[in-house]
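A short write-up of the structure that comes next.
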Amino acid sequence: MPIKTFKPYTPVRRFITVEDFSDITKKEPEKSLIVALRKKGGRNNTGQIMVRHHGGGHKRYYRIIDYKRNKINVEAKVVAIEYDPNRSSRIALLEYADGEKRYIIQPVGMKVGDAVMSGPEAEIRPGNALPLANIPLGTFVHNVEMVAGKGAQLVRSAGSAAQLLAKEGEYAQLRMPSGEIRMIMLNCYATVGQVGNIDHENVTLGSAGRSRHMGIRPTVRGTAMNAVDHPHGGGRGKSKGNNQPRSPWNQPAKGYKTRSKKIWDWRIVRRRNRAKETAV
């Protein structure tokens with residue numbers, strides 16, 4: 001999908017790039033598959049800000065995506081490719097032989113009129129979902145389950161894909177987009193192919209107003225604050241002082257281990273930084 005640029009008739013237009021949306025075939029979403037999405041502004045149920053820099057933005061409806069692909073051995077036709085404001089990838093509207101409609105994430109190469117299926121006996125082609133046990137080695141997959149039947153949790157953003165490297169015992173080894181090699185149960189489902197909208201990473205927002213339209217609020221540097229507001233604040237002039245990089249709550253930002261739950265560590269064969277390796 002091409003990236004659209006503009007003549008620099010204003011300073012901002014010089015840098016803005018947008019997707020051309022030429023792959024979109026249907027503008028309005030399927031009404032039976034959308035729900036209202038209330039804005040939270042990064043706040044929890046008590047009103048406390050848990051995620052900073054969230055707020056505002058255009059109104060959105062959430063599209064219900066079928067991550068479980070649990071209509072086994074029922075063929076579906078792709079009837080539309082749609083834009084989804086809640087994710088970086090495109091979504092495809094499927095209509096099954098029994099009349100039911102569902103959304104899935106569009107893989108590269110999927111177009112209107114294609115037939116897709118999920119199940120152990122499905123063909124190895126983009127959009128079909130199968131257990132990892134039934135997928136040949138070397139195949140690129142996305143929408144990977146971590147727990148069988150729970151639905152896809154891994155490899156869902158635009159342009160991403162994991163490669164099936166090996167099968168041993170009850171587990172398969174997948175190379176994730178980060179470079180990490182992880183063990184996944186063979187009975188977990190994955191969808192064949194790479195997630196579409198590959199050029200998403202090349203889009204430049206280019207203006208503060210466009211960020212606000214997307215619900216992204218400004219981020220103020222700690223060094224620009226007063227000492228009472230941030231550990232980096234204060235000092236005379238543009239000074240960093242003698243501080244190590246740290247958060248507003250004084251937690252070190254570089255090198256400090258913050259991960260506490262390590263229940264999945266034994267499934268990581270090689271970490272993404274390749275410096276730490278665990279025995280299988």
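Ligands are numbered from 1 in the order shown, residues from 1 within each chain, and chains are lettered A, B, ... in the order they appear in the structure tokens.
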Tell me which protein, DNA and RNA residues are within 9 Å of A:Ala208, counting only C-alpha atoms, leaving out same-chain ones fewer than 4 positions away, and put them as a PDB file with C-alpha atoms, in the first residue's frame.
```pdb
ATOM      1  CA  ARG A 212      -4.205  14.942  19.471  1.00  0.00           C
ATOM      2  CA  HIS A 213      -6.702  13.688  16.905  1.00  0.00           C
ATOM      3  CA  ILE A 216      -2.128  11.212  22.145  1.00  0.00           C
ATOM      4  CA  ARG A 217      -1.540  14.037  24.610  1.00  0.00           C
ATOM      5  CA  PRO A 218       1.764  15.960  24.916  1.00  0.00           C
TER       6      PRO A 218
END
```
- Residues of stretch 68-173 of chain A in strand (DSSP E) according to DSSP, as a PyMOL selection string? chain A and resi 76-82+91-96+101-105+115-116+129-131+140-142+144-145+152-154+162-168+171-173
- Message: Considering only C-alpha atoms, can you say which of A:Tyr62, A:Gly233, A:Ser157, A:Gly241 comes closest to A:His200?
- Response: A:Ser157
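Atom CA of A:Gly151 is positioned 22.1 Å from atom CA of A:Ala97.
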- Task: Would you list the contacts of A:Glu180 as a list in words, taking every protein, DNA or RNA residue within 6 Å and counting only C-alpha atoms, but skipping same-chain residues closer than 2 positions in sequence?
- Result: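 Listing them by chain and then by number gives Arg175, Met176, Ser178, Arg270, Arg271 and Arg272 of chain A.
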Take the selection from the previous step and output its residues with N, CA and C atoms, as a compact mmCIF listing (two decimals), in the first residue's frame.
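Resulting contents of result_5.txt:
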```
# COMPACT_ATOMS: atom_id res chain seq x y z
N ARG A 175 10.20 -18.03 16.07
CA ARG A 175 10.99 -16.80 16.14
C ARG A 175 10.04 -15.63 16.03
N MET A 176 9.93 -14.85 17.12
CA MET A 176 9.01 -13.74 17.17
C MET A 176 9.56 -12.55 16.38
N SER A 178 10.44 -9.79 17.40
CA SER A 178 11.51 -9.14 18.15
C SER A 178 12.83 -9.88 18.05
N ARG A 270 15.54 -18.24 23.47
CA ARG A 270 16.54 -17.20 23.29
C ARG A 270 15.86 -15.84 23.40
N ARG A 271 16.41 -14.97 24.21
CA ARG A 271 15.81 -13.66 24.41
C ARG A 271 16.08 -12.77 23.21
N ARG A 272 15.34 -11.70 23.13
CA ARG A 272 15.44 -10.84 21.96
C ARG A 272 16.78 -10.13 21.87
```
- Task: Would you mind telling me which residue in A:Val141, A:Ala76, A:Val18, A:Met225 lies nearest to A:Lys240 when using only C-alpha atoms?
- Result: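 Of A:Val141, A:Ala76, A:Val18, A:Met225, the one nearest A:Lys240, counting only C-alpha atoms, is A:Met225.
For the set A:Asn242, A:Thr204, A:Thr25, A:Gln163, the residue with the smallest atom-to-atom gap to A:Met183 is A:Gln163, counting only C-alpha atoms.
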- atom CA of A:Val203 to atom CA of A:Asp23 measures 15.9 Å
- Message: Could you list, as an MDAnalysis selection string, every residue within 8 Å of A:Ile105, counting only C-alpha atoms and ignoring same-chain residues fewer than 4 positions away?
- Response: chainID A and resid 65 89:92 156 195
Limited to N, CA and C atoms, could you put the picked residues into a file as a PDB file, in the first residue's frame?
```
ATOM      1  N   ILE A  65     -13.178  -8.505  16.847  1.00  0.00           N
ATOM      2  CA  ILE A  65     -12.318  -9.341  16.006  1.00  0.00           C
ATOM      3  C   ILE A  65     -12.388 -10.791  16.487  1.00  0.00           C
ATOM      4  N   SER A  89      -3.351  -2.627  11.681  1.00  0.00           N
ATOM      5  CA  SER A  89      -3.614  -3.462  10.511  1.00  0.00           C
ATOM      6  C   SER A  89      -5.016  -3.207   9.967  1.00  0.00           C
ATOM      7  N   ARG A  90      -5.271  -3.709   8.778  1.00  0.00           N
ATOM      8  CA  ARG A  90      -6.612  -3.701   8.217  1.00  0.00           C
ATOM      9  C   ARG A  90      -7.385  -4.922   8.735  1.00  0.00           C
ATOM     10  N   ILE A  91      -8.692  -4.882   8.609  1.00  0.00           N
ATOM     11  CA  ILE A  91      -9.503  -6.032   8.995  1.00  0.00           C
ATOM     12  C   ILE A  91     -10.310  -6.498   7.796  1.00  0.00           C
ATOM     13  N   ALA A  92     -10.561  -7.793   7.755  1.00  0.00           N
ATOM     14  CA  ALA A  92     -11.320  -8.395   6.656  1.00  0.00           C
ATOM     15  C   ALA A  92     -12.642  -8.912   7.210  1.00  0.00           C
ATOM     16  N   ARG A 156       0.163  -9.507  16.195  1.00  0.00           N
ATOM     17  CA  ARG A 156      -1.098  -9.023  15.653  1.00  0.00           C
ATOM     18  C   ARG A 156      -0.990  -7.652  14.994  1.00  0.00           C
ATOM     19  N   VAL A 195       0.918 -10.246   8.712  1.00  0.00           N
ATOM     20  CA  VAL A 195      -0.131  -9.243   8.868  1.00  0.00           C
ATOM     21  C   VAL A 195       0.049  -8.158   7.807  1.00  0.00           C
TER      22      VAL A 195
END
```
